[in-house]
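Below is one structure, written out as structure tokens; comments come after it.
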Amino acid sequence: WFYHNEFIVPLFLVCIIDIVFLNIAEVPKKIVERKLEYSKCTFIFVMATLFSSLAKIGLAILGSGAWSLVGSYTIYGLFFMLLAFAMSKYKPRLHFKWHECKRFVQFGYKYCFSNLIETLNKNIHYFVIGKYFDESVLGVYRVGYELAMTPALALLNVVNQSSYAVFAKIKDKKDELSKIFAWNQGNIAIFAAVPIIFILFCSKDIFSLINDGEWMAAVSFIPLALGVAFIKSLLQTFPELYRACGKPDYSLKTDAFECILIGAFFMIALIICKCLGLGDDASLKLLFSAWIALFVPLFFYHRKLAKTLIDTGLRSTFKSISKALVFFGVAFGASLPVWLYQETLPWKPWLHMGIEVVILLACIGCYIKWIQKRPQTLS
């Protein structure tokens with residue numbers, strides 16, 4: 001009823017199966033994480049992604065259309081579940097006593113609802129834009145958003161998988177936890193900055209290679225999308241902290257607050273677009289600006305909740321990402337001249353992208369040698 005398109009209904013129903021598989025896999029996955037067997041965690045994620053990618057390509061070649069995307073998501077969930085059970089060697093059996101599972105239910109329902117709202121937060125903007133703009137605008141928005149967001153959040157997921165167990169182990173030691181959390185955020189900022197710098201300077205080259213430049217319209221708002229990716233990757237470390245410290249209700253509160261902010265800020269942006277009669281490009285830029293604006297109250301809400309767990313002072317927050325900002329400034333300054341004179345380079349776009357990669361690798365090497373240090377608590 002939302003899109004007035006009956007074709008979407010079966011696609012949506014099949015997508016729900018993926019959620020079932022992933023929720024069933026949650027227990028064996030956590031068993032593997034608790035044992036700190038991160039090689040197995042990596043194997044589960046990589047192999048599930050590989051199988052789903054092969055399925056997506058195969059279904060697309062067979063002419064399945066939208067079903068190739070939906071089918072790949074379902075296959076990812078299925079293989080993730082099977083691999084999680086295989087790697088954990090977890091064999092569930094029928095057994096129930098309320099007094100034994102009461103505390104798990106009290107913790108789990110908050111965790112479950114938090115994940116549900118988090119999933120809604122990740123997709124609600126697609127629904128809104130798909131409703132109020134035509135399919136071509138939604139396509140441009142999605143391609144630009146995912147190009148900016150996917151590398152940073154993929155790296156964040158890897159870091160969060162390992163940080164959860166560490167946070168849980170020292171959750172009662174506020175000073176030590178504060179140092180580890182700050183160190184963790186600094187690393188995430190660096191991990192996010194590397195692909196962000198590359199995409200910032202090479203987005204035009206990347207889009208020129210995809211479908212004969214069909215998505216070139218996304219280049220104009222890529223800087224704003226990258227800003228969203230950087231801030232979002234930092235804020236996403238807080239929910240993992242809450243869950244590790246036994247505070248899933250904090251995660252539930254922040255996810256609900258973010259959902260409200262997305263709805264409110266996007267509706268305001270859409271009203272402004274309509275009143276001013278803005279074109280598609282200007283409207284998308286305004287929507288990304290709304291993304292960045294809503295992160296301000298969200299950050300202060302995280303800061304308010306997390307102060308009982310870690311040091312959340314503005315000074316400590318800035319200090320945790322200061323090295324990443326230095327890295328970003330140096331890499332930006334080194335890449336800018338090449339970007340300004342890219343039209344004079346031969347073998348475009350390959351030579352330009354190659355030079356940017358070399359510059360980034362040099363900056364990473366300098367950072368590792370002269371700036372990066374491990375906290376004493378991890379030594």
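Each chain of the structure tokens is named A, B, ... in the order shown, its residues numbered from 1; ligands are numbered from 1 in display order.
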
(Q) Residues near range 79-93 of chain A, anyone? I mean within 10 Å using only C-alpha atoms, not counting same-chain ones fewer than 4 positions away, as a PyMOL selection string. (A) chain A and resi 18+20-33+35+37+40-41+43-52+74-75

Q) Using only C-alpha atoms, which residues sit within 10 Å of range 266-273 of chain A once same-chain residues fewer than 3 positions away are excluded, as a list in words? A) His125, Val128, Ile129, Tyr132, Ile260, Leu261, Ile262, Gly263, Leu276, Gly277, Leu278, Gly279, Asp280, Ala282, Ser283, Leu284, Lys285, Leu286, Leu287, Phe288, Ser289, Ala290, Trp291 and Leu294 of chain A

Write out as a compact mmCIF listing (two decimals) with C-alpha atoms, in the first residue's frame each polymer residue whose atoms come within 7 Å of range 140-150 of chain A, counting only C-alpha atoms; drop sequence neighbours fewer than 6 positions from it.
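As a result, out_27.txt now contains:
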# COMPACT_ATOMS: atom_id res chain seq x y z
CA TRP A 215 25.22 7.16 -12.12
CA ALA A 217 24.64 12.41 -11.08
CA ALA A 218 25.66 11.00 -7.68
CA ILE A 222 29.31 12.31 -2.60
CA ALA A 225 27.46 11.26 1.80
CA LEU A 226 31.05 10.66 2.93
CA ALA A 229 29.55 7.76 6.56

**Q.** Nearest to Phe201 in chain A by atom-to-atom distance, counting only C-alpha atoms, from A:Tyr111, A:Trp350, A:Trp339, A:Tyr164
**A.** A:Trp339

**Q.** Nearby residues (only C-alpha atoms) at most 12 Å from Tyr301 in chain A, same-chain spacing under 3 positions excluded, as a PyMOL selection string
**A.** chain A and resi 235+238+250-251+253-258+261+294-298+304-307+312

Selection file, N, CA, C and O atoms, as a PDB file, in the first residue's frame:
ATOM      1  N   LEU A 235      29.530   6.919  15.566  1.00  0.00           N
ATOM      2  CA  LEU A 235      28.386   6.788  16.476  1.00  0.00           C
ATOM      3  C   LEU A 235      27.950   5.331  16.643  1.00  0.00           C
ATOM      4  O   LEU A 235      27.404   4.963  17.681  1.00  0.00           O
ATOM      5  N   PHE A 238      28.844   3.118  19.853  1.00  0.00           N
ATOM      6  CA  PHE A 238      28.155   3.221  21.141  1.00  0.00           C
ATOM      7  C   PHE A 238      27.191   2.065  21.398  1.00  0.00           C
ATOM      8  O   PHE A 238      27.193   1.498  22.507  1.00  0.00           O
ATOM      9  N   TYR A 250      19.850   0.919  26.739  1.00  0.00           N
ATOM     10  CA  TYR A 250      20.466   2.144  26.229  1.00  0.00           C
ATOM     11  C   TYR A 250      20.477   2.133  24.702  1.00  0.00           C
ATOM     12  O   TYR A 250      20.174   3.141  24.052  1.00  0.00           O
ATOM     13  N   SER A 251      20.849   0.977  24.152  1.00  0.00           N
ATOM     14  CA  SER A 251      20.876   0.839  22.695  1.00  0.00           C
ATOM     15  C   SER A 251      19.478   0.992  22.119  1.00  0.00           C
ATOM     16  O   SER A 251      19.282   1.627  21.075  1.00  0.00           O
ATOM     17  N   LYS A 253      17.011   2.730  23.413  1.00  0.00           N
ATOM     18  CA  LYS A 253      16.629   4.145  23.511  1.00  0.00           C
ATOM     19  C   LYS A 253      17.262   4.977  22.400  1.00  0.00           C
ATOM     20  O   LYS A 253      16.598   5.802  21.773  1.00  0.00           O
ATOM     21  N   THR A 254      18.560   4.766  22.160  1.00  0.00           N
ATOM     22  CA  THR A 254      19.245   5.573  21.139  1.00  0.00           C
ATOM     23  C   THR A 254      18.763   5.234  19.735  1.00  0.00           C
ATOM     24  O   THR A 254      18.644   6.121  18.884  1.00  0.00           O
ATOM     25  N   ASP A 255      18.478   3.943  19.489  1.00  0.00           N
ATOM     26  CA  ASP A 255      17.960   3.554  18.170  1.00  0.00           C
ATOM     27  C   ASP A 255      16.581   4.162  17.928  1.00  0.00           C
ATOM     28  O   ASP A 255      16.277   4.629  16.819  1.00  0.00           O
ATOM     29  N   ALA A 256      15.730   4.143  18.968  1.00  0.00           N
ATOM     30  CA  ALA A 256      14.402   4.744  18.844  1.00  0.00           C
ATOM     31  C   ALA A 256      14.511   6.254  18.625  1.00  0.00           C
ATOM     32  O   ALA A 256      13.788   6.830  17.800  1.00  0.00           O
ATOM     33  N   PHE A 257      15.430   6.880  19.352  1.00  0.00           N
ATOM     34  CA  PHE A 257      15.635   8.328  19.206  1.00  0.00           C
ATOM     35  C   PHE A 257      16.135   8.654  17.804  1.00  0.00           C
ATOM     36  O   PHE A 257      15.687   9.636  17.185  1.00  0.00           O
ATOM     37  N   GLU A 258      17.048   7.833  17.277  1.00  0.00           N
ATOM     38  CA  GLU A 258      17.552   8.055  15.923  1.00  0.00           C
ATOM     39  C   GLU A 258      16.443   7.895  14.895  1.00  0.00           C
ATOM     40  O   GLU A 258      16.365   8.668  13.924  1.00  0.00           O
ATOM     41  N   LEU A 261      14.438  10.994  14.924  1.00  0.00           N
ATOM     42  CA  LEU A 261      15.190  12.093  14.301  1.00  0.00           C
ATOM     43  C   LEU A 261      15.190  11.975  12.777  1.00  0.00           C
ATOM     44  O   LEU A 261      15.023  12.979  12.072  1.00  0.00           O
ATOM     45  N   LEU A 294      21.072  15.714  11.992  1.00  0.00           N
ATOM     46  CA  LEU A 294      20.448  14.886  13.025  1.00  0.00           C
ATOM     47  C   LEU A 294      21.470  14.170  13.897  1.00  0.00           C
ATOM     48  O   LEU A 294      21.140  13.705  15.008  1.00  0.00           O
ATOM     49  N   PHE A 295      22.706  14.059  13.424  1.00  0.00           N
ATOM     50  CA  PHE A 295      23.741  13.414  14.223  1.00  0.00           C
ATOM     51  C   PHE A 295      24.148  14.263  15.431  1.00  0.00           C
ATOM     52  O   PHE A 295      24.703  13.731  16.400  1.00  0.00           O
ATOM     53  N   VAL A 296      23.905  15.559  15.395  1.00  0.00           N
ATOM     54  CA  VAL A 296      24.288  16.431  16.519  1.00  0.00           C
ATOM     55  C   VAL A 296      23.501  16.082  17.780  1.00  0.00           C
ATOM     56  O   VAL A 296      24.107  15.755  18.816  1.00  0.00           O
ATOM     57  N   PRO A 297      22.143  16.127  17.751  1.00  0.00           N
ATOM     58  CA  PRO A 297      21.425  15.714  18.968  1.00  0.00           C
ATOM     59  C   PRO A 297      21.639  14.241  19.318  1.00  0.00           C
ATOM     60  O   PRO A 297      21.646  13.887  20.501  1.00  0.00           O
ATOM     61  N   LEU A 298      21.853  13.393  18.305  1.00  0.00           N
ATOM     62  CA  LEU A 298      22.087  11.977  18.579  1.00  0.00           C
ATOM     63  C   LEU A 298      23.397  11.781  19.333  1.00  0.00           C
ATOM     64  O   LEU A 298      23.480  10.982  20.280  1.00  0.00           O
ATOM     65  N   LYS A 304      25.216  11.491  26.888  1.00  0.00           N
ATOM     66  CA  LYS A 304      24.481  11.499  28.157  1.00  0.00           C
ATOM     67  C   LYS A 304      24.341  10.094  28.728  1.00  0.00           C
ATOM     68  O   LYS A 304      24.549   9.867  29.940  1.00  0.00           O
ATOM     69  N   LEU A 305      23.995   9.116  27.891  1.00  0.00           N
ATOM     70  CA  LEU A 305      23.795   7.749  28.356  1.00  0.00           C
ATOM     71  C   LEU A 305      25.111   7.057  28.709  1.00  0.00           C
ATOM     72  O   LEU A 305      25.181   6.290  29.672  1.00  0.00           O
ATOM     73  N   ALA A 306      26.140   7.297  27.919  1.00  0.00           N
ATOM     74  CA  ALA A 306      27.409   6.568  28.076  1.00  0.00           C
ATOM     75  C   ALA A 306      28.269   7.087  29.221  1.00  0.00           C
ATOM     76  O   ALA A 306      29.265   6.446  29.574  1.00  0.00           O
ATOM     77  N   LYS A 307      27.921   8.235  29.808  1.00  0.00           N
ATOM     78  CA  LYS A 307      28.797   8.828  30.834  1.00  0.00           C
ATOM     79  C   LYS A 307      28.898   7.959  32.087  1.00  0.00           C
ATOM     80  O   LYS A 307      29.856   8.094  32.863  1.00  0.00           O
ATOM     81  N   THR A 312      33.011  10.630  28.750  1.00  0.00           N
ATOM     82  CA  THR A 312      32.408  11.129  27.519  1.00  0.00           C
ATOM     83  C   THR A 312      32.626  12.631  27.332  1.00  0.00           C
ATOM     84  O   THR A 312      31.871  13.286  26.611  1.00  0.00           O
TER      85      THR A 312
END

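The environment of Leu59 in chain A within 10 Å, counting only C-alpha atoms and disregarding residues fewer than 4 places along the same chain, consists of A:Ser53, A:Leu54, A:Ala55, A:Gly63, A:Ser64, A:Gly65, A:Ala66, A:Trp67, A:Ser68, A:Leu69, A:Gly71, A:Ser72.
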
Q) Using only C-alpha atoms, which residues sit within 7 Å of Cys245 in chain A once same-chain residues fewer than 5 positions away are excluded, as a PyMOL selection string? A) chain A and resi 167-168+171

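Residue nearest Tyr367 in chain A within the list A:Ile310, A:Phe191, A:Phe230, A:Gly354: A:Phe191 [criterion: smallest interatomic distance, only C-alpha atoms].
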
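What separates CA of Asn123 in chain A from CA of Val228 in chain A is a distance of 14.7 Å.
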
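We find CA of Tyr73 in chain A and CA of Cys15 in chain A to be spaced 7.0 Å apart.
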
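Between CA of Phe96 in chain A and CA of Leu252 in chain A the separation is 26.9 Å.
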
Q | Proximity to Leu36 in chain A - best of A:Ile199, A:Ser162, A:Glu135, A:Ser320, only C-alpha atoms | A |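 Among the listed residues, the smallest separation from Leu36 in chain A belongs to A:Ser162.
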
Q.
Report as a list in words all protein, DNA and RNA residues lying within 9 Å of Cys259 in chain A, evaluated on only C-alpha atoms, omitting residues in the same chain fewer than 5 positions from it.
A. Ile117, Glu118, Leu120, Asn121, Ile124, Thr254 and Ala264 of chain A

Keeping only N, CA, C and O atoms, write the selected residues to a file as a CSV table (one decimal), in the first residue's frame.
chain,number,residue,atom,x,y,z
A,117,ILE,N,14.9,-1.9,15.4
A,117,ILE,CA,14.8,-0.5,15.2
A,117,ILE,C,16.1,0.0,14.4
A,117,ILE,O,16.0,0.8,13.5
A,118,GLU,N,17.2,-0.7,14.7
A,118,GLU,CA,18.4,-0.3,14.0
A,118,GLU,C,18.3,-0.7,12.5
A,118,GLU,O,18.7,0.1,11.6
A,120,LEU,N,15.5,-0.8,10.9
A,120,LEU,CA,14.5,0.2,10.3
A,120,LEU,C,15.3,1.5,10.0
A,120,LEU,O,15.1,2.1,9.0
A,121,ASN,N,16.2,1.9,10.9
A,121,ASN,CA,17.0,3.1,10.7
A,121,ASN,C,17.8,3.1,9.5
A,121,ASN,O,18.0,4.1,8.8
A,124,ILE,N,14.9,3.2,6.4
A,124,ILE,CA,13.7,4.1,6.3
A,124,ILE,C,13.9,5.2,5.3
A,124,ILE,O,13.0,5.6,4.7
A,254,THR,N,18.6,4.8,22.2
A,254,THR,CA,19.2,5.6,21.1
A,254,THR,C,18.8,5.2,19.7
A,254,THR,O,18.6,6.1,18.9
A,264,ALA,N,11.8,13.0,11.5
A,264,ALA,CA,11.5,14.4,11.7
A,264,ALA,C,12.4,15.3,10.7
A,264,ALA,O,11.9,16.2,10.0

Q: Pick out the closest residue to Ile359 in chain A from this set: A:Ile197, A:Ala154, A:Leu234, A:Leu116. Count only C-alpha atoms.
A: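 Among A:Ile197, A:Ala154, A:Leu234, A:Leu116, it is A:Ile197 that comes nearest to Ile359 in chain A.
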